[in-house]
Amino acid sequence: MQKPAPLGFGLGLRPVYYRDILESKPPVDWFEVISENFMVDGGNPLATLERIRADYPIVLHGVSMSIASTAPLDFAYLTALKSLADRFEPAFVSDHLCWTGVHGVNLHDLLPVPYTAEALDHVVERIGQVQDFLGRRIAIENVSSYVTFAESEMDEWTFVKELAERADCWLLLDVNNVFVSGFNHDFEPREFIDSIDVGRVVQFHLAGHADHGTHKIDTHDEPVSPEVWALFAEAWRRFGPVSVMIERDDKFPPFAELLAELDQARRIAIDVSTANIGAAA
Ligand SMILES: [Fe+2]
């Protein structure tokens with residue numbers, strides 16, 4: 001099973017930065033594109049994406065597949081996603097291990113699932129349907145969570161590992177989400193990372209979070225925290241090289257600050273890779 005080639009170090013494509021990107025062609029290796037923002041018939045967003053795609057590889061990252069919901073799969077949504085993927089040829093397509101609604105109500109949130117055998121069967125089945133429909137393997141991302149279910153029968157990482165194996169999908173490992181959920185649910189983030197199969201992980205997310213003392217929230221409105229950089233180094237040691245990107249969705253800094261943060265990711269990756277080679281020699 002050949003993983004997609006690593007794309008390098010990327011950023012999320014956000015409208016606030018369109019001008020910087022178009023005018024300066026910055027040293028970003030690739031962009032992650034929120035699929036739903038481009039599921040339209042025409043207009044400026046698609047025209048902008050055409051221009052950016054001419055210069056950069058992209059990944060399509062969705063927030064509405066609702067792969068874990070008990071509501072039927074939305075084939076109108078999947079048809080729109082497929083045509084977007086056919087048009088822009090992303091390196092891969094990703095979405096989250098979550099549900100976003102049920103009974104026709106969209107809650108606009110990435111809600112966690114109980115880690116049960118029944119839920120595992122259900123999500124495996126649905127990923128299979130989506131992959132068959134799209135004609136490609138998708139990547140599934142671990143989410144941050146703030147509750148656990150009394151019904152859960154296994155750890156999140158056991159669920160994720162089994163899911164990837166049985167659904168034969170890729171994984172998008174959100175390093176910040178592992179850290180946030182680890183804090184909120186009192187597990188050791190390293191245990192999560194060390195449990196996941198190396199051959200399944202094709203991408204990392206890095207992001208900032210809000211610290212509320214008793215709990216942390218995945219806000220994407222801060223620089224990556226020192227603890228998440230440290231966990232990123234551990235993740236790179238195990239899974240690297242894979243595609244990496246930094247998510248920023250609020251309190252947008254000047255674009256140069258994100259480029260500097262991306263350089264920090266590059267430096268850590270180089271340091272870890274160099275140390276790995278040294279250890280192997
Ligand atoms: Fe993420």
# chains A, B, ... in the order shown; residues from 1 in each chain; ligands from 1
call {"tool": "closest_atom_pairs", "arguments": {"of": "chain A", "to": "ligand 1", "cutoff": "10 Å", "atoms": "only C-alpha atoms and all ligand atoms", "output": "Markdown table"}}
result
| residue | atom | partner | partner_atom_place_in_ligand_line | distance |
| --- | --- | --- | --- | --- |
| A:His61 | CA | ligand 1 | 1 (Fe) | 9.3 |
| A:Asp95 | CA | ligand 1 | 1 (Fe) | 9.2 |
| A:His96 | CA | ligand 1 | 1 (Fe) | 8.2 |
| A:Glu141 | CA | ligand 1 | 1 (Fe) | 6.8 |
| A:Asn142 | CA | ligand 1 | 1 (Fe) | 7.6 |
| A:Val143 | CA | ligand 1 | 1 (Fe) | 6.8 |
| A:Ser144 | CA | ligand 1 | 1 (Fe) | 8.4 |
| A:Leu172 | CA | ligand 1 | 1 (Fe) | 8.0 |
| A:Leu173 | CA | ligand 1 | 1 (Fe) | 7.8 |
| A:Asp174 | CA | ligand 1 | 1 (Fe) | 5.0 |
| A:Val175 | CA | ligand 1 | 1 (Fe) | 8.0 |
| A:Asn176 | CA | ligand 1 | 1 (Fe) | 7.5 |
| A:Asn177 | CA | ligand 1 | 1 (Fe) | 6.8 |
| A:Val178 | CA | ligand 1 | 1 (Fe) | 9.9 |
| A:Phe204 | CA | ligand 1 | 1 (Fe) | 8.0 |
| A:His205 | CA | ligand 1 | 1 (Fe) | 5.1 |
| A:Leu206 | CA | ligand 1 | 1 (Fe) | 7.0 |
| A:Ala207 | CA | ligand 1 | 1 (Fe) | 7.3 |
| A:Asp218 | CA | ligand 1 | 1 (Fe) | 8.7 |
| A:His220 | CA | ligand 1 | 1 (Fe) | 8.7 |
| A:Met245 | CA | ligand 1 | 1 (Fe) | 9.1 |
| A:Ile246 | CA | ligand 1 | 1 (Fe) | 8.6 |
| A:Glu247 | CA | ligand 1 | 1 (Fe) | 6.8 |
| A:Arg248 | CA | ligand 1 | 1 (Fe) | 9.8 |
call {"tool": "residues_around", "arguments": {"residues": "stretch 5-18 of chain A", "least_positions_apart": "2", "cutoff": "7 Å", "atoms": "only C-alpha atoms", "output": "ChimeraX atom specification"}}
result
/A:3,20-22,28-33,241-248,255,262
call {"tool": "write_last_selection", "arguments": {"atoms": "N, CA and C atoms", "output": "PDB file, in the first residue's frame"}}
result
ATOM      1  N   LYS A   3       1.721   5.004   0.269  1.00  0.00           N
ATOM      2  CA  LYS A   3       1.148   6.264   0.772  1.00  0.00           C
ATOM      3  C   LYS A   3       1.379   7.372  -0.249  1.00  0.00           C
ATOM      4  N   ASP A  20      -2.101  37.985  -0.168  1.00  0.00           N
ATOM      5  CA  ASP A  20      -0.680  37.690   0.095  1.00  0.00           C
ATOM      6  C   ASP A  20      -0.192  36.560  -0.801  1.00  0.00           C
ATOM      7  N   ILE A  21      -1.026  35.548  -0.929  1.00  0.00           N
ATOM      8  CA  ILE A  21      -0.604  34.354  -1.682  1.00  0.00           C
ATOM      9  C   ILE A  21      -0.488  34.677  -3.167  1.00  0.00           C
ATOM     10  N   LEU A  22      -1.488  35.351  -3.692  1.00  0.00           N
ATOM     11  CA  LEU A  22      -1.488  35.641  -5.128  1.00  0.00           C
ATOM     12  C   LEU A  22      -0.381  36.625  -5.493  1.00  0.00           C
ATOM     13  N   VAL A  28       5.400  28.335   0.576  1.00  0.00           N
ATOM     14  CA  VAL A  28       4.543  27.336   1.237  1.00  0.00           C
ATOM     15  C   VAL A  28       4.493  26.162   0.271  1.00  0.00           C
ATOM     16  N   ASP A  29       4.664  24.943   0.772  1.00  0.00           N
ATOM     17  CA  ASP A  29       4.763  23.804  -0.149  1.00  0.00           C
ATOM     18  C   ASP A  29       3.411  23.387  -0.712  1.00  0.00           C
ATOM     19  N   TRP A  30       2.331  23.634   0.052  1.00  0.00           N
ATOM     20  CA  TRP A  30       1.005  23.220  -0.417  1.00  0.00           C
ATOM     21  C   TRP A  30      -0.045  23.921   0.443  1.00  0.00           C
ATOM     22  N   PHE A  31      -1.284  23.860  -0.013  1.00  0.00           N
ATOM     23  CA  PHE A  31      -2.376  24.468   0.758  1.00  0.00           C
ATOM     24  C   PHE A  31      -3.473  23.440   1.007  1.00  0.00           C
ATOM     25  N   GLU A  32      -4.029  23.526   2.212  1.00  0.00           N
ATOM     26  CA  GLU A  32      -5.209  22.723   2.540  1.00  0.00           C
ATOM     27  C   GLU A  32      -6.445  23.597   2.339  1.00  0.00           C
ATOM     28  N   VAL A  33      -7.386  23.049   1.597  1.00  0.00           N
ATOM     29  CA  VAL A  33      -8.550  23.806   1.144  1.00  0.00           C
ATOM     30  C   VAL A  33      -9.802  23.236   1.812  1.00  0.00           C
ATOM     31  N   PRO A 241       8.756  11.167   7.016  1.00  0.00           N
ATOM     32  CA  PRO A 241       8.118  12.420   6.621  1.00  0.00           C
ATOM     33  C   PRO A 241       6.688  12.203   6.123  1.00  0.00           C
ATOM     34  N   VAL A 242       5.802  13.076   6.561  1.00  0.00           N
ATOM     35  CA  VAL A 242       4.435  13.126   6.028  1.00  0.00           C
ATOM     36  C   VAL A 242       4.105  14.609   5.774  1.00  0.00           C
ATOM     37  N   SER A 243       3.009  14.847   5.087  1.00  0.00           N
ATOM     38  CA  SER A 243       2.580  16.226   4.835  1.00  0.00           C
ATOM     39  C   SER A 243       2.183  16.870   6.165  1.00  0.00           C
ATOM     40  N   VAL A 244       2.601  18.125   6.350  1.00  0.00           N
ATOM     41  CA  VAL A 244       2.320  18.854   7.606  1.00  0.00           C
ATOM     42  C   VAL A 244       1.640  20.162   7.259  1.00  0.00           C
ATOM     43  N   MET A 245       0.655  20.573   8.034  1.00  0.00           N
ATOM     44  CA  MET A 245       0.122  21.924   7.860  1.00  0.00           C
ATOM     45  C   MET A 245      -0.299  22.521   9.186  1.00  0.00           C
ATOM     46  N   ILE A 246      -0.291  23.861   9.218  1.00  0.00           N
ATOM     47  CA  ILE A 246      -0.725  24.596  10.412  1.00  0.00           C
ATOM     48  C   ILE A 246      -2.103  25.178  10.131  1.00  0.00           C
ATOM     49  N   GLU A 247      -3.040  24.894  11.053  1.00  0.00           N
ATOM     50  CA  GLU A 247      -4.401  25.415  10.932  1.00  0.00           C
ATOM     51  C   GLU A 247      -4.508  26.716  11.716  1.00  0.00           C
ATOM     52  N   ARG A 248      -4.974  27.765  11.051  1.00  0.00           N
ATOM     53  CA  ARG A 248      -5.256  29.021  11.751  1.00  0.00           C
ATOM     54  C   ARG A 248      -6.608  29.521  11.240  1.00  0.00           C
ATOM     55  N   PHE A 255       0.549  37.428   7.488  1.00  0.00           N
ATOM     56  CA  PHE A 255       0.913  36.164   6.835  1.00  0.00           C
ATOM     57  C   PHE A 255       2.357  35.763   7.172  1.00  0.00           C
ATOM     58  N   LEU A 262       5.604  28.103  10.230  1.00  0.00           N
ATOM     59  CA  LEU A 262       5.836  26.956   9.349  1.00  0.00           C
ATOM     60  C   LEU A 262       7.327  26.617   9.295  1.00  0.00           C
TER      61      LEU A 262
END
call {"tool": "atom_distance", "arguments": {"atom1": "atom CA of A:Ser152", "atom2": "atom CA of A:Pro114"}}
result
5.1 Å
call {"tool": "select_by_dssp", "arguments": {"residues": "stretch 50-99 of chain A", "states": "strand (DSSP E)", "output": "number ranges by chain"}}
result
A: 58-61, 93-96, 99
call {"tool": "residues_around", "arguments": {"residues": "A:Glu151", "least_positions_apart": "6", "cutoff": "12 Å", "atoms": "only C-alpha atoms", "output": "ChimeraX atom specification"}}
result
/A:113-119
call {"tool": "atom_distance", "arguments": {"atom1": "atom CA of A:Glu162", "atom2": "atom CA of A:Phe179"}}
result
20.4 Å
call {"tool": "atom_distance", "arguments": {"atom1": "atom CA of A:Trp170", "atom2": "atom CA of A:Ile34"}}
result
18.0 Å
call {"tool": "select_by_dssp", "arguments": {"residues": "stretch 12-134 of chain A", "states": "alpha helix (DSSP H)", "output": "VMD selection string"}}
result
chain A and resid 18 to 24 44 to 53 75 to 88 117 to 134
